[in-house]
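Peer 1: Structure incoming, see below.
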Amino acid sequence: MAIDGQARFANRDTVDFVIVGSGSAGGIIAKELSTAGFSVVVLEQGPFRRKEDFTHDEIDVIVRNSLHGDRYGQTFRDDATKKAEPGFGAQYAQTVGGSSTHFTANFWRLREIDFRERSELGPISGTNFADWPISYAELEPYYTRVDYEIGVSGAAGPFDSFRSRPFAMPPMPIKSSGVLLERGAKKLGLHPQAAPLAILSQPLNGRPPCINCGFCMGFGCEVGAKSSTLAAMIPLAQASGNCEIRPESAVSQVVTNDANRVTEVLYFDRDGVEQSQKAAAVVLCANGAETPRVLLNSATSRYPDGLANSSGFVGRNLMFNGHSQNNAVFEHPLNDFKGVQVTRIVHDFYDSDEKRGFYGGGGIDGRPFLSATPLLFALSGADQAGRNWGAAYKQRIAQEFPRQMSTLNSTTSLPLDSNNITIDPEAKDRFGRPSLRLTYKDHPDDLAMAKFLQDRASEILEAAGAKRVWIEPVAPQTGSAHLLGTCRMGDDPSASVIDRFHRAHDLRNLFVCDGSSMVTSGRGQPTMTIMAMAFRAAEHIGTAARNNEI
Amino acid sequence: MKSRFLSRRQFLRDSGAVAGVSAWPGGTAALFALAQSACTSKEQAAAFKELSAIEAREFEAIAARIMPTTDTPGAREAGVIYFIDNAFHSVLHGIRDDMRNGLDEFAKDVAARFGGARFSDLPEADQDDMLASIEDTPFFTGLRTLTFCGFFGMSKYGGNRNDAGWKLVGMDPHAGAWQPPFGYYDAEYMEGESNGD
């Protein structure tokens with residue numbers, strides 16, 4: 001499919017870089033390397049939707065799940081002794097811009113503690129809990145680039161780590177859910193703060209500010225105010241004249257030669273025909289589920305356990321972040337279906353505290369959650385107690401759709417051998433690519449932290465004057481949009497997949513940057529960190545290429 | 001009968017982490033087809049594409065108890081049955097026969113209990129009792145999902161006539177954008193309340 005206004009490369013031509021995935025990391029690295037003068041082909045398995053293609057159509061987006069693509073090629077189980085069943089565990093968008101098109105846009109930075117928590121707290125038995133090889137200070141300049149080049153609105157909070165520049169623009173206007181979270185939290189002596197969001201409150205680089213349409217979570221932004229790489233980076237990459245975005249290209253394998261070099265990338269085009277793109281170097285940015293899938297599916301006799309996997313860490317340490325949810329209704333209308341999801345957060349419980357009796361930390365946010373759009377509300381967002389159909393339920397929908405809010409409580413996840421991505425021995429997707437298999441069960445500490453935050457959130461909602469508060473029981477998760485830790489970075493090649501500059505320990509011209517690079521999970525909103533890592537990785541990869549060190 | 005619909009509990013659980021876990025059978029073709037095939041003469045009592053007159057009457061009678069007509073329009077006025085017919089004709093063709101068989105079984109139960117009567121002929125209280133007795137079956141949860149989709153989904157799919165679903169929840173679907181203040185509490189806050197200090 002020819003796309004006007006961008007470079008075009010032949011498959012037989014060896015381009016400087018093939019980037020697999022056009023999402024939060026791939027979109028940034030494509031822009032950085034192409035504007036630096038390198039030739040780049042981006043292979044994206046989803047189609048090239050433009051902002052004009054995004055709608056408020058709940059049946060298409062929420063029920064039919066159109067942004068996710070028709071077929072997942074994945075299975076799920078909660079225990080390695082079980083046979084995995086087809087599932088939806090890895091929840092990510094298949095479209096140019098990846099999941100940055102449909103995310104909710106909560107953009108918390110990690111804090112200094114996240115990078116050295118293992119040193120501070122000591123080891124945790126039975127886990128792969130570790131420090132990062134880099135510090136917050138090393139990543140901070142790149143967080144700031146995300147603020148200003150991708151577009152983040154917000155205001156500094158009392159517990160944030162240092163920032164070299166103030167936010168690029170003020171926070172989004174507060175909503176009633178934010179007012180109520182703030183009110184309840186302050187009454188309890190907590191310190192609510194404005195939510196940092198990858199949504200523009202002011203114009204930036206030709207993009208308009210948010211129009212408060214309310215269709216953020218799970219939907220694409222029809223005006224480009226949500227700071228996806230589709231809105232912020234892909235146009236710049238294409239305008240460089242050095243970058244070809246090649247949509248509907250589903251990568252199956254990275255090919256290596258006897259000299260221990262990556263030489264080309266195999267993929268299926270939209271017609272299911274296998275193609276190959278030659279490249280001097282490859283950057284995998286396919287997300288924390290698909291990146292290990294590609295590496296494991298690229299096994300050869302030289303690399304029987306998969307590419308870049310001499311450590312055995314490819315696919316291990318999958319982290320979802322833990323979650324819990326509270327709901328409340330109030331006397332007056334919040335009309336929380338208007339505007340962005342989250343405008344206030346509570347980070348008083350960010351740090352782990354041994355007095356709680358378990359490891360973990362997290363944050364609480366106030367938002368409409370499943371009461372932002374009417375169909376989702378009727379299907380599952382409204383209080384399901386009692387009969388969830390009939391005249392009384394209809395009355396509840398009418399009365400409570402504008403009066404309901406939720407808190408979403410997000411936590412750490414511990415890195416475990418038993419939570420992982422492997423290749424399903426039987427299942428294949430429509431191209432015949434062996435499916436990825438998720439094996440996942442939240443660590444008891446992750447569940448305990450989710451419950452702890454849920455209890456605090458109930459107190460906040462009660463203090464805010466809720467007429468009724470109810471919870472969704474905390475239970476082990478069977479899927480997530482956060483796919484972290486499966487190709488972790490580290491200095492020790494025997495206990496990590498990539499080095500501190502995102503280069504594979506085992507292959508000099510193979511790089512990985514996405515959620516899989518993360519060593520710990522943070523407290524629940526990883527995309528800001530994935531984007532900061534991408535700016536940093538691109539700088540180092542570009543320098544290495546210029547110095548002939550790839 | 002084994003439906004491929006997710007149960008409500010499953011839906012709830014799976015949609016907990018993010019929005020957007022399909023309630024439809026995996027791998028169905030695009031629902032876009034629904035829009036194209038949507039009843040073109042939806043303002044009149046158009047012929048059904050898939051449903052017989054009796055099936056349509058019975059499915060509609062069930063939908064009308066799931067979203068009843070009260071002081072506001074219900075499933076009947078919103079044209080939910082046209083949404084269902086369209087869905088069975090296009091992307092949900094694969095479950096049409098399961099749902100049809102489910103209706104047959106349900107009709108037999110009703111007839112056995114009420115002297116040969118059809119569901120649509122029963123008084124509302126009896127209808128509700130019958131539906132309560134099958135509340136946890138895939139047939140009922142499937143119809144519940146279809147009814148809400150037809151009631152709150154975009155009218156291009158055949159239901160939500162005269163924006164009945166959106167009007168019920170007080171949402172102007174044609175506004176598209178909003179300006180603060182959005183609700184009672186942020187309006188109050190903007191007037192300078194100290195907010196819990």
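Letters A, B, ... go to the chains of the structure tokens in the order shown; residues in each chain start at 1; ligands are counted from 1 in the same order.
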Applying 9 Å and only C-alpha atoms, which residues near Gly21 of chain A remain after dropping the ones on its own chain fewer than 5 positions away? List them as a ChimeraX atom specification.

Peer 2: /A:26-27,42-45,96-98,283-287

Peer 1: Would you kindly report the residues of chain A within 6 Å of chain B, using only C-alpha atoms, as a compact mmCIF listing (two decimals) with N, CA, C and O atoms, in the first residue's frame?

Peer 2:
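Written file, part_28.txt:
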# COMPACT_ATOMS: atom_id res chain seq x y z
N ILE A 59 -20.00 0.47 19.73
CA ILE A 59 -20.13 -0.90 19.24
C ILE A 59 -18.86 -1.30 18.49
O ILE A 59 -18.32 -2.39 18.68
N ILE A 62 -15.57 -0.45 21.49
CA ILE A 62 -15.57 -1.13 22.79
C ILE A 62 -16.04 -2.57 22.66
O ILE A 62 -15.43 -3.49 23.19
N VAL A 63 -17.14 -2.77 21.95
CA VAL A 63 -17.69 -4.13 21.89
C VAL A 63 -16.95 -4.96 20.86
O VAL A 63 -16.51 -6.07 21.13
N ARG A 64 -16.79 -4.40 19.67
CA ARG A 64 -16.11 -5.15 18.62
C ARG A 64 -14.60 -5.08 18.75
O ARG A 64 -13.87 -5.87 18.16
N ASN A 65 -14.13 -4.09 19.51
CA ASN A 65 -12.70 -4.04 19.79
C ASN A 65 -11.88 -3.81 18.53
O ASN A 65 -10.82 -4.41 18.35
N ASP A 70 -8.58 -8.13 14.41
CA ASP A 70 -9.54 -9.21 14.51
C ASP A 70 -9.00 -10.43 15.24
O ASP A 70 -9.72 -11.15 15.89
N ARG A 71 -7.75 -10.68 15.08
CA ARG A 71 -7.20 -11.92 15.64
C ARG A 71 -6.00 -11.59 16.50
O ARG A 71 -5.14 -10.81 16.14
N LYS A 175 -12.47 18.03 36.81
CA LYS A 175 -13.83 17.49 36.67
C LYS A 175 -14.42 17.23 38.05
O LYS A 175 -13.70 17.21 39.05
N SER A 176 -15.69 16.91 38.10
CA SER A 176 -16.31 16.63 39.40
C SER A 176 -15.67 15.42 40.08
O SER A 176 -15.52 15.40 41.30
N ARG A 183 -11.39 16.38 47.53
CA ARG A 183 -12.10 16.74 48.77
C ARG A 183 -11.96 15.64 49.82
O ARG A 183 -11.60 15.89 50.97
N LYS A 186 -8.26 15.29 51.01
CA LYS A 186 -7.81 16.36 51.91
C LYS A 186 -8.43 16.21 53.30
O LYS A 186 -7.77 16.47 54.31
N LYS A 187 -9.68 15.78 53.34
CA LYS A 187 -10.31 15.59 54.65
C LYS A 187 -9.57 14.53 55.46
O LYS A 187 -9.62 14.54 56.68
N ILE A 211 -10.83 18.89 23.26
CA ILE A 211 -12.19 19.46 23.18
C ILE A 211 -13.11 18.83 24.22
O ILE A 211 -14.32 19.04 24.19
N ASN A 212 -12.57 18.04 25.13
CA ASN A 212 -13.34 17.44 26.24
C ASN A 212 -14.50 16.56 25.76
O ASN A 212 -15.56 16.55 26.37
N CYS A 213 -14.28 15.82 24.69
CA CYS A 213 -15.37 15.01 24.14
C CYS A 213 -15.72 13.84 25.05
O CYS A 213 -16.83 13.32 25.01
N GLY A 218 -9.73 3.95 25.57
CA GLY A 218 -10.03 2.92 24.59
C GLY A 218 -10.31 3.45 23.19
O GLY A 218 -10.35 2.68 22.24
N PRO A 333 -25.38 15.64 39.88
CA PRO A 333 -24.71 15.14 38.68
C PRO A 333 -23.23 15.56 38.59
O PRO A 333 -22.91 16.74 38.79
N LEU A 334 -22.38 14.59 38.33
CA LEU A 334 -20.97 14.88 38.04
C LEU A 334 -20.78 15.15 36.55
O LEU A 334 -19.88 15.86 36.15
N ASN A 335 -21.64 14.50 35.75
CA ASN A 335 -21.49 14.54 34.28
C ASN A 335 -20.07 14.19 33.87
O ASN A 335 -19.46 14.86 33.04
N LEU A 375 -23.11 2.81 26.60
CA LEU A 375 -23.25 1.37 26.38
C LEU A 375 -22.39 0.58 27.37
O LEU A 375 -22.86 -0.39 27.97
N SER A 380 -21.80 -3.01 31.94
CA SER A 380 -21.02 -3.45 33.10
C SER A 380 -20.61 -2.35 34.06
O SER A 380 -20.18 -2.66 35.17
N TRP A 389 -31.39 -5.84 34.80
CA TRP A 389 -32.23 -5.60 33.64
C TRP A 389 -33.61 -5.20 34.17
O TRP A 389 -33.89 -5.34 35.36
N GLY A 390 -34.46 -4.69 33.33
CA GLY A 390 -35.81 -4.34 33.75
C GLY A 390 -35.93 -2.87 34.15
O GLY A 390 -34.98 -2.09 34.06
N ALA A 391 -37.14 -2.53 34.60
CA ALA A 391 -37.46 -1.12 34.84
C ALA A 391 -36.58 -0.49 35.91
O ALA A 391 -36.14 0.66 35.78
N ALA A 398 -30.43 5.61 34.22
CA ALA A 398 -30.76 7.02 33.96
C ALA A 398 -30.29 7.91 35.10
O ALA A 398 -29.75 8.99 34.90
N SER A 480 -4.00 -7.50 30.70
CA SER A 480 -3.61 -6.14 31.01
C SER A 480 -3.19 -5.42 29.74
O SER A 480 -2.75 -6.03 28.77

Peer 1: Name the residues of segment 142-351 of chain A that come out as strand (DSSP E) in a backbone DSSP run; write them as a VMD selection string.

Peer 2: chain A and resid 192 to 194 243 to 246 250 to 256 262 to 268 274 to 284 322 to 329 344 to 346

Peer 1: Report the distance between atom CA of Phe115 of chain A and atom CA of Met531 of chain A in Å, rounded to one decimal place.

Peer 2: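 Result for atom CA of Phe115 of chain A versus atom CA of Met531 of chain A: 16.2 Å, one decimal.
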
Peer 1: Taking the DSSP assignment computed from this structure's backbone, write out as a list in words all residues of segment 373-447 of chain A that belong to alpha helix (DSSP H).

Peer 2: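 Answer for segment 373-447 of chain A, restricted to alpha helix (DSSP H): Pro374, Leu375, Leu376, Ala391, Ala392, Tyr393, Lys394, Gln395, Arg396, Ile397, Ala398, Gln399, Glu400, Pro444, Asp445, Asp446 and Leu447 of chain A.
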
Peer 1: With only C-alpha atoms as the counted atoms, please give the residues lying no more than 7 Å from segment 455-471 of chain A, apart from itself and same-chain residues fewer than 3 positions off, as a PDB file with N, CA, C and O atoms, in the first residue's frame.

Peer 2:
ATOM      1  N   LEU A 180     -14.095  15.653  43.833  1.00  0.00           N
ATOM      2  CA  LEU A 180     -14.534  14.778  44.928  1.00  0.00           C
ATOM      3  C   LEU A 180     -13.375  13.950  45.480  1.00  0.00           C
ATOM      4  O   LEU A 180     -13.251  13.775  46.697  1.00  0.00           O
ATOM      5  N   LEU A 181     -12.504  13.460  44.600  1.00  0.00           N
ATOM      6  CA  LEU A 181     -11.324  12.737  45.083  1.00  0.00           C
ATOM      7  C   LEU A 181     -10.471  13.672  45.940  1.00  0.00           C
ATOM      8  O   LEU A 181     -10.008  13.300  47.023  1.00  0.00           O
ATOM      9  N   ARG A 183     -11.393  16.377  47.526  1.00  0.00           N
ATOM     10  CA  ARG A 183     -12.095  16.741  48.766  1.00  0.00           C
ATOM     11  C   ARG A 183     -11.964  15.643  49.817  1.00  0.00           C
ATOM     12  O   ARG A 183     -11.596  15.889  50.967  1.00  0.00           O
ATOM     13  N   GLY A 184     -12.251  14.411  49.393  1.00  0.00           N
ATOM     14  CA  GLY A 184     -12.165  13.301  50.339  1.00  0.00           C
ATOM     15  C   GLY A 184     -10.742  13.099  50.837  1.00  0.00           C
ATOM     16  O   GLY A 184     -10.502  12.874  52.029  1.00  0.00           O
ATOM     17  N   ALA A 185      -9.774  13.191  49.923  1.00  0.00           N
ATOM     18  CA  ALA A 185      -8.371  12.969  50.300  1.00  0.00           C
ATOM     19  C   ALA A 185      -7.897  14.039  51.281  1.00  0.00           C
ATOM     20  O   ALA A 185      -7.225  13.742  52.275  1.00  0.00           O
ATOM     21  N   LYS A 187      -9.677  15.784  53.339  1.00  0.00           N
ATOM     22  CA  LYS A 187     -10.311  15.588  54.650  1.00  0.00           C
ATOM     23  C   LYS A 187      -9.574  14.533  55.460  1.00  0.00           C
ATOM     24  O   LYS A 187      -9.616  14.542  56.684  1.00  0.00           O
ATOM     25  N   GLN A 325     -10.609  -1.459  41.975  1.00  0.00           N
ATOM     26  CA  GLN A 325     -11.590  -0.458  41.542  1.00  0.00           C
ATOM     27  C   GLN A 325     -12.633  -0.237  42.626  1.00  0.00           C
ATOM     28  O   GLN A 325     -13.111  -1.194  43.236  1.00  0.00           O
ATOM     29  N   ASN A 326     -12.967   1.030  42.853  1.00  0.00           N
ATOM     30  CA  ASN A 326     -14.081   1.404  43.725  1.00  0.00           C
ATOM     31  C   ASN A 326     -15.063   2.234  42.898  1.00  0.00           C
ATOM     32  O   ASN A 326     -14.664   2.974  42.003  1.00  0.00           O
ATOM     33  N   ASN A 327     -16.331   2.141  43.252  1.00  0.00           N
ATOM     34  CA  ASN A 327     -17.349   2.949  42.584  1.00  0.00           C
ATOM     35  C   ASN A 327     -18.147   3.702  43.633  1.00  0.00           C
ATOM     36  O   ASN A 327     -18.300   3.232  44.771  1.00  0.00           O
ATOM     37  N   ALA A 328     -18.701   4.838  43.236  1.00  0.00           N
ATOM     38  CA  ALA A 328     -19.513   5.620  44.172  1.00  0.00           C
ATOM     39  C   ALA A 328     -20.524   6.430  43.384  1.00  0.00           C
ATOM     40  O   ALA A 328     -20.271   6.813  42.233  1.00  0.00           O
ATOM     41  N   VAL A 329     -21.674   6.670  44.013  1.00  0.00           N
ATOM     42  CA  VAL A 329     -22.623   7.633  43.439  1.00  0.00           C
ATOM     43  C   VAL A 329     -22.817   8.774  44.428  1.00  0.00           C
ATOM     44  O   VAL A 329     -22.730   8.593  45.652  1.00  0.00           O
ATOM     45  N   PHE A 330     -23.052   9.940  43.859  1.00  0.00           N
ATOM     46  CA  PHE A 330     -23.214  11.159  44.637  1.00  0.00           C
ATOM     47  C   PHE A 330     -24.592  11.764  44.373  1.00  0.00           C
ATOM     48  O   PHE A 330     -25.276  11.393  43.412  1.00  0.00           O
ATOM     49  N   GLU A 331     -24.938  12.720  45.216  1.00  0.00           N
ATOM     50  CA  GLU A 331     -26.277  13.303  45.148  1.00  0.00           C
ATOM     51  C   GLU A 331     -26.512  14.067  43.843  1.00  0.00           C
ATOM     52  O   GLU A 331     -27.555  13.953  43.216  1.00  0.00           O
ATOM     53  N   ILE A 364      -3.847   6.230  43.500  1.00  0.00           N
ATOM     54  CA  ILE A 364      -5.300   6.197  43.369  1.00  0.00           C
ATOM     55  C   ILE A 364      -5.698   7.345  42.446  1.00  0.00           C
ATOM     56  O   ILE A 364      -5.218   8.468  42.622  1.00  0.00           O
ATOM     57  N   THR A 407     -12.800   5.018  41.420  1.00  0.00           N
ATOM     58  CA  THR A 407     -11.360   5.190  41.533  1.00  0.00           C
ATOM     59  C   THR A 407     -10.732   3.978  40.884  1.00  0.00           C
ATOM     60  O   THR A 407     -11.263   2.862  40.967  1.00  0.00           O
ATOM     61  N   LYS A 451      -5.665  -4.382  47.327  1.00  0.00           N
ATOM     62  CA  LYS A 451      -6.724  -4.333  48.343  1.00  0.00           C
ATOM     63  C   LYS A 451      -6.491  -3.168  49.310  1.00  0.00           C
ATOM     64  O   LYS A 451      -7.438  -2.461  49.698  1.00  0.00           O
ATOM     65  N   PHE A 452      -5.239  -2.960  49.679  1.00  0.00           N
ATOM     66  CA  PHE A 452      -4.911  -1.852  50.587  1.00  0.00           C
ATOM     67  C   PHE A 452      -5.362  -0.517  49.975  1.00  0.00           C
ATOM     68  O   PHE A 452      -6.016   0.306  50.629  1.00  0.00           O
TER      69      PHE A 452
END

Peer 1: As an exercise, work out the distance from atom CA of His174 of chain B to atom CA of Asn86 of chain B in Å and give it to one decimal place.

Peer 2: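 Between atom CA of His174 of chain B and atom CA of Asn86 of chain B the gap works out to 23.8 Å.
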